[in-house]
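Dumped final-v3.pdb below, it's PDB, C-alpha atoms:
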ATOM      1  CA  MET A 921      45.659  68.070  93.400
ATOM      2  CA  HIS A 922      42.042  67.443  94.242
ATOM      3  CA  GLN A 923      41.617  65.467  97.460
ATOM      4  CA  LEU A 924      38.692  63.488  98.775
ATOM      5  CA  GLY A 925      37.010  65.765 101.272
ATOM      6  CA  ASP A 926      37.771  68.910  99.261
ATOM      7  CA  PRO A 927      34.444  70.785  99.479
ATOM      8  CA  ASP A 928      34.739  72.628  96.138
ATOM      9  CA  GLY A 929      34.301  69.464  94.091
ATOM     10  CA  GLY A 930      37.499  70.252  92.197
ATOM     11  CA  ASP A 931      38.159  69.882  88.501
ATOM     12  CA  ALA A 932      41.069  67.969  87.009
ATOM     13  CA  GLY A 933      43.671  66.017  88.921
ATOM     14  CA  ASP A 934      44.634  62.481  89.779
ATOM     15  CA  ARG A 935      42.535  61.051  92.568
ATOM     16  CA  SER A 936      43.083  57.529  91.338
ATOM     17  CA  GLY A 937      44.554  56.578  94.710
ATOM     18  CA  HIS A 938      41.034  57.038  96.067
ATOM     19  CA  ALA A 939      39.231  55.734  93.005
ATOM     20  CA  PHE A 940      39.448  51.958  93.509
ATOM     21  CA  ARG A 941      38.424  50.083  96.634
ATOM     22  CA  ALA A 942      38.373  46.298  96.472
ATOM     23  CA  PHE A 943      35.672  44.014  97.823
ATOM     24  CA  LEU A 944      37.257  41.865 100.517
ATOM     25  CA  ALA A 945      36.160  38.610 102.053
ATOM     26  CA  ASN A 946      33.104  38.535 104.285
ATOM     27  CA  TRP A 947      31.261  41.613 102.957
ATOM     28  CA  ARG A 948      33.874  44.172 103.847
ATOM     29  CA  TRP A 949      35.529  46.694 101.547
ATOM     30  CA  GLN A 950      39.098  48.026 101.435
ATOM     31  CA  GLY A 951      39.371  51.283 103.356
ATOM     32  CA  VAL A 952      35.711  51.300 104.433
ATOM     33  CA  PRO A 953      35.207  51.465 108.233
ATOM     34  CA  PHE A 954      32.966  48.850 109.805
ATOM     35  CA  LEU A 955      30.508  50.766 111.991
ATOM     36  CA  PRO A 956      27.639  50.203 114.358
ATOM     37  CA  TYR A 957      24.232  50.841 112.721
ATOM     38  CA  LYS A 958      23.430  53.742 115.081
ATOM     39  CA  GLU A 959      24.552  54.984 118.436
ATOM     40  CA  GLU A 960      23.734  52.408 121.082
ATOM     41  CA  GLY A 961      20.521  53.367 122.898
ATOM     42  CA  SER A 962      19.470  55.994 120.310
ATOM     43  CA  ALA A 963      16.694  53.792 118.882
ATOM     44  CA  PRO A 964      15.529  50.161 119.011
ATOM     45  CA  PHE A 965      17.370  47.845 116.586
ATOM     46  CA  LYS A 966      19.118  44.482 116.703
ATOM     47  CA  SER A 967      22.256  42.912 115.226
ATOM     48  CA  ILE A 968      22.981  45.338 112.389
ATOM     49  CA  THR A 969      26.155  46.984 111.056
ATOM     50  CA  ARG A 970      26.851  49.846 108.656
ATOM     51  CA  GLN A 971      29.524  50.596 106.059
ATOM     52  CA  VAL A 972      29.460  53.903 104.161
ATOM     53  CA  LEU A 973      30.606  52.981 100.653
ATOM     54  CA  PHE A 974      30.275  56.404  99.007
ATOM     55  CA  GLN A 975      30.092  59.804 100.713
ATOM     56  CA  ALA A 976      31.762  62.729  98.959
ATOM     57  CA  PRO A 977      31.235  66.481  98.518
ATOM     58  CA  ASP A 978      30.544  66.025  94.803
ATOM     59  CA  LEU A 979      27.803  63.427  95.402
ATOM     60  CA  ARG A 980      24.392  64.575  96.650
ATOM     61  CA  CYS A 981      23.592  61.120  97.995
ATOM     62  CA  GLU A 982      25.417  58.531 100.045
ATOM     63  CA  LEU A 983      25.520  54.813  99.398
ATOM     64  CA  ARG A 984      25.644  52.638 102.496
ATOM     65  CA  TYR A 985      25.776  48.869 103.041
ATOM     66  CA  PHE A 986      23.873  47.545 106.047
ATOM     67  CA  GLU A 987      24.043  43.988 107.253
ATOM     68  CA  VAL A 988      21.571  42.361 109.624
ATOM     69  CA  ALA A 989      22.426  39.111 111.425
ATOM     70  CA  PRO A 990      19.830  36.297 111.518
ATOM     71  CA  GLY A 991      17.042  37.323 113.898
ATOM     72  CA  GLY A 992      18.020  40.989 113.659
ATOM     73  CA  HIS A 993      16.092  44.039 112.471
ATOM     74  CA  SER A 994      16.430  47.726 111.639
ATOM     75  CA  THR A 995      14.679  50.481 113.573
ATOM     76  CA  LEU A 996      10.953  50.942 112.918
ATOM     77  CA  GLU A 997      10.948  54.598 111.849
ATOM     78  CA  ARG A 998       9.868  57.237 109.340
ATOM     79  CA  HIS A 999      11.332  60.514 108.028
ATOM     80  CA  GLN A1000      10.938  63.065 105.255
ATOM     81  CA  HIS A1001      13.840  61.707 103.210
ATOM     82  CA  ALA A1002      13.403  58.659 100.980
ATOM     83  CA  HIS A1003      15.418  55.449 100.902
ATOM     84  CA  ALA A1004      16.368  53.552  97.749
ATOM     85  CA  VAL A1005      17.310  49.991  98.688
ATOM     86  CA  MET A1006      18.748  46.999  96.832
ATOM     87  CA  ILE A1007      19.107  43.698  98.681
ATOM     88  CA  LEU A1008      22.616  42.293  98.114
ATOM     89  CA  ARG A1009      22.520  39.057 100.114
ATOM     90  CA  GLY A1010      20.072  36.954 102.073
ATOM     91  CA  ALA A1011      16.357  37.453 102.578
ATOM     92  CA  ALA A1012      14.116  39.694 104.647
ATOM     93  CA  ASP A1013      10.576  40.629 105.456
ATOM     94  CA  VAL A1014      10.132  44.341 104.858
ATOM     95  CA  LEU A1015       7.427  46.704 106.059
ATOM     96  CA  VAL A1016       6.743  49.815 103.952
ATOM     97  CA  GLY A1017       3.635  51.697 105.015
ATOM     98  CA  ALA A1018       0.793  49.167 105.140
ATOM     99  CA  GLU A1019       2.584  46.541 103.057
ATOM    100  CA  VAL A1020       4.728  43.626 104.208
ATOM    101  CA  ARG A1021       6.756  41.864 101.552
ATOM    102  CA  ALA A1022       9.353  39.089 101.421
ATOM    103  CA  VAL A1023      12.439  40.226  99.514
ATOM    104  CA  ALA A1024      15.664  38.524  98.405
ATOM    105  CA  THR A1025      18.903  39.273  96.568
ATOM    106  CA  PHE A1026      18.766  42.155  94.079
ATOM    107  CA  ASP A1027      15.133  43.055  94.824
ATOM    108  CA  LEU A1028      14.457  46.818  95.015
ATOM    109  CA  VAL A1029      12.606  48.740  97.744
ATOM    110  CA  HIS A1030      11.682  52.437  97.573
ATOM    111  CA  ILE A1031      10.698  53.918 100.924
ATOM    112  CA  PRO A1032       8.863  57.203 100.359
ATOM    113  CA  ALA A1033       8.692  60.201 102.676
ATOM    114  CA  MET A1034       7.035  59.788 106.102
ATOM    115  CA  THR A1035       6.350  56.093 105.647
ATOM    116  CA  TRP A1036       6.907  53.657 108.520
ATOM    117  CA  HIS A1037       9.414  50.997 107.529
ATOM    118  CA  GLN A1038      11.457  48.175 108.981
ATOM    119  CA  PHE A1039      13.689  45.343 107.725
ATOM    120  CA  ARG A1040      13.675  41.981 109.549
ATOM    121  CA  THR A1041      15.885  39.073 108.448
ATOM    122  CA  ARG A1042      14.252  35.886 107.212
ATOM    123  CA  GLY A1043      16.042  32.539 107.524
ATOM    124  CA  ALA A1044      19.459  31.596 108.854
ATOM    125  CA  GLU A1045      21.623  33.756 106.582
ATOM    126  CA  PRO A1046      22.661  37.356 107.252
ATOM    127  CA  MET A1047      20.800  39.904 105.115
ATOM    128  CA  GLY A1048      22.779  42.704 103.481
ATOM    129  CA  PHE A1049      21.417  45.669 101.550
ATOM    130  CA  LEU A1050      22.547  48.820  99.793
ATOM    131  CA  CYS A1051      20.734  52.016 100.765
ATOM    132  CA  MET A1052      20.996  55.230  98.738
ATOM    133  CA  VAL A1053      19.945  58.324 100.666
ATOM    134  CA  ASN A1054      20.241  62.101 100.285
ATOM    135  CA  ALA A1055      23.373  63.498 101.930
ATOM    136  CA  GLU A1056      21.233  66.284 103.462
ATOM    137  CA  ARG A1057      18.373  64.717 105.354
ATOM    138  CA  ASP A1058      16.153  64.949 108.413
ATOM    139  CA  ARG A1059      16.367  62.822 111.546
ATOM    140  CA  PRO A1060      14.220  59.675 111.785
ATOM    141  CA  GLN A1061      11.067  59.719 113.915
ATOM    142  CA  LEU A1062      10.143  56.797 116.166
ATOM    143  CA  PRO A1063       6.533  55.621 116.583
ATOM    144  CA  ASP A1064       4.696  56.428 119.795
ATOM    145  CA  ALA A1065       2.073  54.160 121.344
ATOM    146  CA  ASP A1066      -0.721  55.656 119.223
ATOM    147  CA  ASP A1067       1.257  55.163 116.020
ATOM    148  CA  LEU A1068       1.925  51.518 116.897
ATOM    149  CA  ARG A1069      -1.718  50.906 117.775
ATOM    150  CA  ALA A1070      -2.791  52.416 114.448
ATOM    151  CA  MET A1071      -0.306  50.276 112.526
ATOM    152  CA  LYS A1072      -1.385  47.105 114.312
ATOM    153  CA  ARG A1073      -5.007  47.495 113.193
ATOM    154  CA  ASP A1074      -3.822  45.838 109.981
ATOM    155  CA  PRO A1075      -3.422  42.094 110.735
ATOM    156  CA  ALA A1076      -0.474  41.630 108.345
ATOM    157  CA  VAL A1077       1.338  44.598 109.864
ATOM    158  CA  ALA A1078       0.509  43.365 113.381
ATOM    159  CA  ALA A1079       1.974  39.943 112.541
ATOM    160  CA  PHE A1080       5.126  41.606 111.171
ATOM    161  CA  LEU A1081       5.570  43.897 114.151
ATOM    162  CA  GLY A1082       4.971  41.033 116.597
ATOM    163  CA  SER A1083       5.845  41.945 120.138
ATOM    164  CA  GLN A1084       6.990  45.504 119.459
ATOM    165  CA  ALA A1085       5.423  47.482 122.296
ATOM    166  CA  PRO A1086       2.667  48.293 122.937
TER     167      PRO A1086
ATOM    168  CA  MET B 116      -2.212  59.971  97.902
ATOM    169  CA  HIS B 117       1.369  60.712  97.040
ATOM    170  CA  GLN B 118       2.331  59.432  93.594
ATOM    171  CA  LEU B 119       5.709  58.635  92.094
ATOM    172  CA  GLY B 120       6.516  61.656  89.992
ATOM    173  CA  ASP B 121       4.879  64.124  92.374
ATOM    174  CA  PRO B 122       7.431  66.956  92.418
ATOM    175  CA  ASP B 123       6.710  68.190  95.951
ATOM    176  CA  GLY B 124       8.146  65.074  97.564
ATOM    177  CA  GLY B 125       4.904  64.543  99.456
ATOM    178  CA  ASP B 126       4.474  63.553 103.060
ATOM    179  CA  ALA B 127       2.313  60.676 104.273
ATOM    180  CA  GLY B 128       0.377  58.287 102.105
ATOM    181  CA  ASP B 129       0.492  54.747 100.826
ATOM    182  CA  ARG B 130       2.868  54.382  97.934
ATOM    183  CA  SER B 131       3.498  50.745  98.716
ATOM    184  CA  GLY B 132       2.295  49.786  95.238
ATOM    185  CA  HIS B 133       5.447  51.467  93.993
ATOM    186  CA  ALA B 134       7.665  50.393  96.858
ATOM    187  CA  PHE B 135       8.625  46.855  95.845
ATOM    188  CA  ARG B 136      10.107  45.822  92.531
ATOM    189  CA  ALA B 137      11.357  42.244  92.184
ATOM    190  CA  PHE B 138      14.609  41.124  90.598
ATOM    191  CA  LEU B 139      13.711  38.964  87.598
ATOM    192  CA  ALA B 140      15.738  36.447  85.662
ATOM    193  CA  ASN B 141      18.630  37.634  83.512
ATOM    194  CA  TRP B 142      19.432  40.924  85.276
ATOM    195  CA  ARG B 143      16.124  42.638  84.691
ATOM    196  CA  TRP B 144      13.805  44.193  87.263
ATOM    197  CA  GLN B 145      10.020  44.301  87.469
ATOM    198  CA  GLY B 146       8.703  47.550  86.002
ATOM    199  CA  VAL B 147      12.154  48.852  85.010
ATOM    200  CA  PRO B 148      12.494  49.670  81.289
ATOM    201  CA  PHE B 149      15.415  48.107  79.421
ATOM    202  CA  LEU B 150      17.102  50.979  77.573
ATOM    203  CA  PRO B 151      19.970  51.659  75.223
ATOM    204  CA  TYR B 152      23.034  53.104  76.994
ATOM    205  CA  LYS B 153      22.825  56.390  75.063
ATOM    206  CA  GLU B 154      21.296  57.673  71.891
ATOM    207  CA  GLU B 155      22.796  55.866  68.927
ATOM    208  CA  GLY B 156      25.536  57.985  67.333
ATOM    209  CA  SER B 157      25.763  60.435  70.269
ATOM    210  CA  ALA B 158      29.123  59.065  71.454
ATOM    211  CA  PRO B 159      31.359  56.019  70.854
ATOM    212  CA  PHE B 160      30.393  52.945  72.913
ATOM    213  CA  LYS B 161      29.778  49.253  72.301
ATOM    214  CA  SER B 162      27.314  46.606  73.489
ATOM    215  CA  ILE B 163      25.937  48.276  76.597
ATOM    216  CA  THR B 164      22.447  48.657  78.074
ATOM    217  CA  ARG B 165      20.938  50.800  80.837
ATOM    218  CA  GLN B 166      18.209  50.338  83.445
ATOM    219  CA  VAL B 167      17.271  53.201  85.764
ATOM    220  CA  LEU B 168      16.549  51.500  89.103
ATOM    221  CA  PHE B 169      15.830  54.611  91.193
ATOM    222  CA  GLN B 170      14.900  58.080  89.943
ATOM    223  CA  ALA B 171      12.459  60.084  92.034
ATOM    224  CA  PRO B 172      11.796  63.708  92.984
ATOM    225  CA  ASP B 173      12.654  63.009  96.622
ATOM    226  CA  LEU B 174      16.067  61.505  95.747
ATOM    227  CA  ARG B 175      18.915  63.831  94.753
ATOM    228  CA  CYS B 176      20.727  61.002  92.972
ATOM    229  CA  GLU B 177      19.762  58.267  90.560
ATOM    230  CA  LEU B 178      20.832  54.653  90.706
ATOM    231  CA  ARG B 179      21.317  52.992  87.351
ATOM    232  CA  TYR B 180      22.382  49.475  86.292
ATOM    233  CA  PHE B 181      24.539  49.218  83.181
ATOM    234  CA  GLU B 182      25.465  45.986  81.508
ATOM    235  CA  VAL B 183      28.255  45.563  78.988
ATOM    236  CA  ALA B 184      28.430  42.473  76.759
ATOM    237  CA  PRO B 185      31.780  40.662  76.341
ATOM    238  CA  GLY B 186      34.071  42.795  74.173
ATOM    239  CA  GLY B 187      31.989  45.915  74.879
ATOM    240  CA  HIS B 188      32.883  49.218  76.504
ATOM    241  CA  SER B 189      31.420  52.454  77.817
ATOM    242  CA  THR B 190      32.191  55.861  76.303
ATOM    243  CA  LEU B 191      35.610  57.363  77.088
ATOM    244  CA  GLU B 192      34.476  60.665  78.640
ATOM    245  CA  ARG B 193      34.732  63.150  81.507
ATOM    246  CA  HIS B 194      32.345  65.599  83.219
ATOM    247  CA  GLN B 195      31.984  67.755  86.318
ATOM    248  CA  HIS B 196      29.706  65.299  88.076
ATOM    249  CA  ALA B 197      31.109  62.276  89.893
ATOM    250  CA  HIS B 198      30.204  58.617  89.510
ATOM    251  CA  ALA B 199      29.949  56.121  92.365
ATOM    252  CA  VAL B 200      30.160  52.597  90.938
ATOM    253  CA  MET B 201      29.767  49.083  92.345
ATOM    254  CA  ILE B 202      30.418  46.118  90.055
ATOM    255  CA  LEU B 203      27.546  43.625  90.359
ATOM    256  CA  ARG B 204      28.618  40.878  87.938
ATOM    257  CA  GLY B 205      31.552  39.919  85.768
ATOM    258  CA  ALA B 206      34.902  41.623  85.415
ATOM    259  CA  ALA B 207      36.296  44.704  83.712
ATOM    260  CA  ASP B 208      39.356  46.802  83.117
ATOM    261  CA  VAL B 209      38.618  50.352  84.213
ATOM    262  CA  LEU B 210      40.424  53.577  83.393
ATOM    263  CA  VAL B 211      40.136  56.433  85.919
ATOM    264  CA  GLY B 212      42.484  59.327  85.182
ATOM    265  CA  ALA B 213      45.958  57.849  84.790
ATOM    266  CA  GLU B 214      45.133  54.533  86.449
ATOM    267  CA  VAL B 215      43.980  51.270  84.880
ATOM    268  CA  ARG B 216      42.661  48.626  87.243
ATOM    269  CA  ALA B 217      41.076  45.199  86.942
ATOM    270  CA  VAL B 218      37.812  45.038  88.910
ATOM    271  CA  ALA B 219      35.321  42.288  89.713
ATOM    272  CA  THR B 220      32.053  41.721  91.557
ATOM    273  CA  PHE B 221      31.319  44.153  94.411
ATOM    274  CA  ASP B 222      34.481  46.241  93.877
ATOM    275  CA  LEU B 223      33.942  50.016  94.207
ATOM    276  CA  VAL B 224      35.026  52.764  91.800
ATOM    277  CA  HIS B 225      34.758  56.509  92.476
ATOM    278  CA  ILE B 226      35.166  58.662  89.380
ATOM    279  CA  PRO B 227      35.902  62.252  90.414
ATOM    280  CA  ALA B 228      35.079  65.436  88.522
ATOM    281  CA  MET B 229      36.685  65.998  85.115
ATOM    282  CA  THR B 230      38.516  62.686  85.080
ATOM    283  CA  TRP B 231      38.678  60.600  81.907
ATOM    284  CA  HIS B 232      37.152  57.192  82.471
ATOM    285  CA  GLN B 233      36.078  54.084  80.612
ATOM    286  CA  PHE B 234      34.862  50.556  81.441
ATOM    287  CA  ARG B 235      35.892  47.646  79.183
ATOM    288  CA  THR B 236      34.732  44.065  79.837
ATOM    289  CA  ARG B 237      37.286  41.407  80.663
ATOM    290  CA  GLY B 238      36.630  37.755  79.878
ATOM    291  CA  ALA B 239      33.659  35.977  78.359
ATOM    292  CA  GLU B 240      30.967  37.033  80.842
ATOM    293  CA  PRO B 241      28.852  40.191  80.647
ATOM    294  CA  MET B 242      29.881  42.880  83.126
ATOM    295  CA  GLY B 243      27.158  44.688  85.086
ATOM    296  CA  PHE B 244      27.551  47.633  87.422
ATOM    297  CA  LEU B 245      25.533  50.003  89.562
ATOM    298  CA  CYS B 246      26.229  53.716  89.076
ATOM    299  CA  MET B 247      25.011  56.372  91.503
ATOM    300  CA  VAL B 248      25.002  59.875  90.032
ATOM    301  CA  ASN B 249      23.548  63.291  90.911
ATOM    302  CA  ALA B 250      20.104  63.833  89.393
ATOM    303  CA  GLU B 251      21.233  67.334  88.281
ATOM    304  CA  ARG B 252      24.399  66.990  86.267
ATOM    305  CA  ASP B 253      26.361  68.317  83.305
ATOM    306  CA  ARG B 254      26.764  66.673  79.915
ATOM    307  CA  PRO B 255      29.793  64.411  79.310
ATOM    308  CA  GLN B 256      32.718  65.720  77.270
ATOM    309  CA  LEU B 257      34.469  63.552  74.676
ATOM    310  CA  PRO B 258      38.243  63.636  74.179
ATOM    311  CA  ASP B 259      39.669  65.411  71.152
ATOM    312  CA  ALA B 260      42.852  64.313  69.359
ATOM    313  CA  ASP B 261      45.078  66.313  71.721
ATOM    314  CA  ASP B 262      43.416  64.792  74.794
ATOM    315  CA  LEU B 263      43.912  61.284  73.427
ATOM    316  CA  ARG B 264      47.542  61.956  72.537
ATOM    317  CA  ALA B 265      48.157  63.273  76.063
ATOM    318  CA  MET B 266      46.504  60.213  77.634
ATOM    319  CA  LYS B 267      48.497  57.808  75.458
ATOM    320  CA  ARG B 268      51.831  59.159  76.703
ATOM    321  CA  ASP B 269      51.291  56.804  79.630
ATOM    322  CA  PRO B 270      52.062  53.262  78.379
ATOM    323  CA  ALA B 271      49.465  51.596  80.626
ATOM    324  CA  VAL B 272      46.777  54.008  79.470
ATOM    325  CA  ALA B 273      47.876  53.589  75.835
ATOM    326  CA  ALA B 274      47.568  49.795  76.189
ATOM    327  CA  PHE B 275      44.097  50.178  77.701
ATOM    328  CA  LEU B 276      42.894  52.605  75.041
ATOM    329  CA  GLY B 277      44.306  50.418  72.257
ATOM    330  CA  SER B 278      43.105  51.479  68.859
ATOM    331  CA  GLN B 279      40.913  54.369  69.983
ATOM    332  CA  ALA B 280      41.713  57.110  67.466
ATOM    333  CA  PRO B 281      44.088  58.788  67.054
TER     334      PRO B 281
END
Just dump the structure as structure tokens.
Amino acid sequence: MHQLGDPDGGDAGDRSGHAFRAFLANWRWQGVPFLPYKEEGSAPFKSITRQVLFQAPDLRCELRYFEVAPGGHSTLERHQHAHAVMILRGAADVLVGAEVRAVATFDLVHIPAMTWHQFRTRGAEPMGFLCMVNAERDRPQLPDADDLRAMKRDPAVAAFLGSQAP
Amino acid sequence: MHQLGDPDGGDAGDRSGHAFRAFLANWRWQGVPFLPYKEEGSAPFKSITRQVLFQAPDLRCELRYFEVAPGGHSTLERHQHAHAVMILRGAADVLVGAEVRAVATFDLVHIPAMTWHQFRTRGAEPMGFLCMVNAERDRPQLPDADDLRAMKRDPAVAAFLGSQAP
């Protein structure tokens, strides 16, 4: 019998016990742990949680659901791996490179390699999004003071970043 | 400047023109072609369309949106690659291996390697789902008469498959 977590990917067999996971109330899923976004203190972020919906040896990507409370935001970061995002609930302002855009439910965002990006909620509702990402990937990089100064030369980006030091 | 379709995955550069694609009315997305599910006559299916939301050289999976009209169904098939599915609208009965389950919006379905599976709409509303799949993958296999006979030994599966020959 092929089990979830079996690294060979398996062939036949009944994994139907693992196949179906119901959507529960309040943006939680059956059998999916409710996690902090990142380790506390590892990077700047605010009011965001993480649920890993799909992660398996036979899938070369993971699908995660992140939720940001009103007034919250993801880490401002960049990395070699790309992100493929679909907003599932609420609204946000999103920075990708030199562009800031307002997004809402079911909008798509592709974050290419080595591109600064950040999600900030807009309005009073939580903002939830799916993020597809390669299972094998590099660690995010944080901006230093020079990076932030360079970004803030663009007035729209400066307005988005607000008080983020320096 | 790094362009979508650049096979090296690129590094820096402003791809923000490609980054944002809006959700439009009626379950379509800006810049996303509306496609048939498969080539006509390549496999049995009914009333289903396909939109590829994310497919890029720096992503090892693709994210597709399929929509099945009321009374429609996907192909009954199996393959080595896995599927990671989230229902986005409507309701369906889903076969995965020996299990048949009713699913609705935001429910999750993991279809493991070499497991027969099929989606059939339930009710009067179209059923739409996201499907994450490895970019490199094998071709689906269709059941032969022996496979179908074996599946139909299970009464619940037989009821699901209904009149599918033999």
(message) Around (23.7, 53.0, 88.4), as given in the file, which residues come within 7 Å? Count all atoms listed in the file and list them as number ranges by chain.
(response) B: 167, 177-181, 200, 244-247
(message) Taking all atoms listed in the file into account, find every residue of chain B that has an atom no more than 8 Å from chain A, and write it out as a ChimeraX atom specification.
(response) /B:124-131,133-138,144,168-169,173-176,195-199,211-214,216,218,220-230,248-249
(message) Between CA of Ser157 in chain B and CA of Pro270 in chain B, what distance in Å does the model show, to one decimal?
(response)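 Atom-to-atom, CA of Ser157 in chain B and CA of Pro270 in chain B are spaced 28.4 Å apart.
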(message) I'd like the interatomic distance between CA of Lys966 in chain A and CA of Gly1010 in chain A, to a tenth of an Å.
(response) 16.5 Å
(request) Tell me, in Å to one decimal, how far CA of Met266 in chain B is from CA of Asp208 in chain B. (result)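 Distance reported for this atom pair: 16.2 Å.
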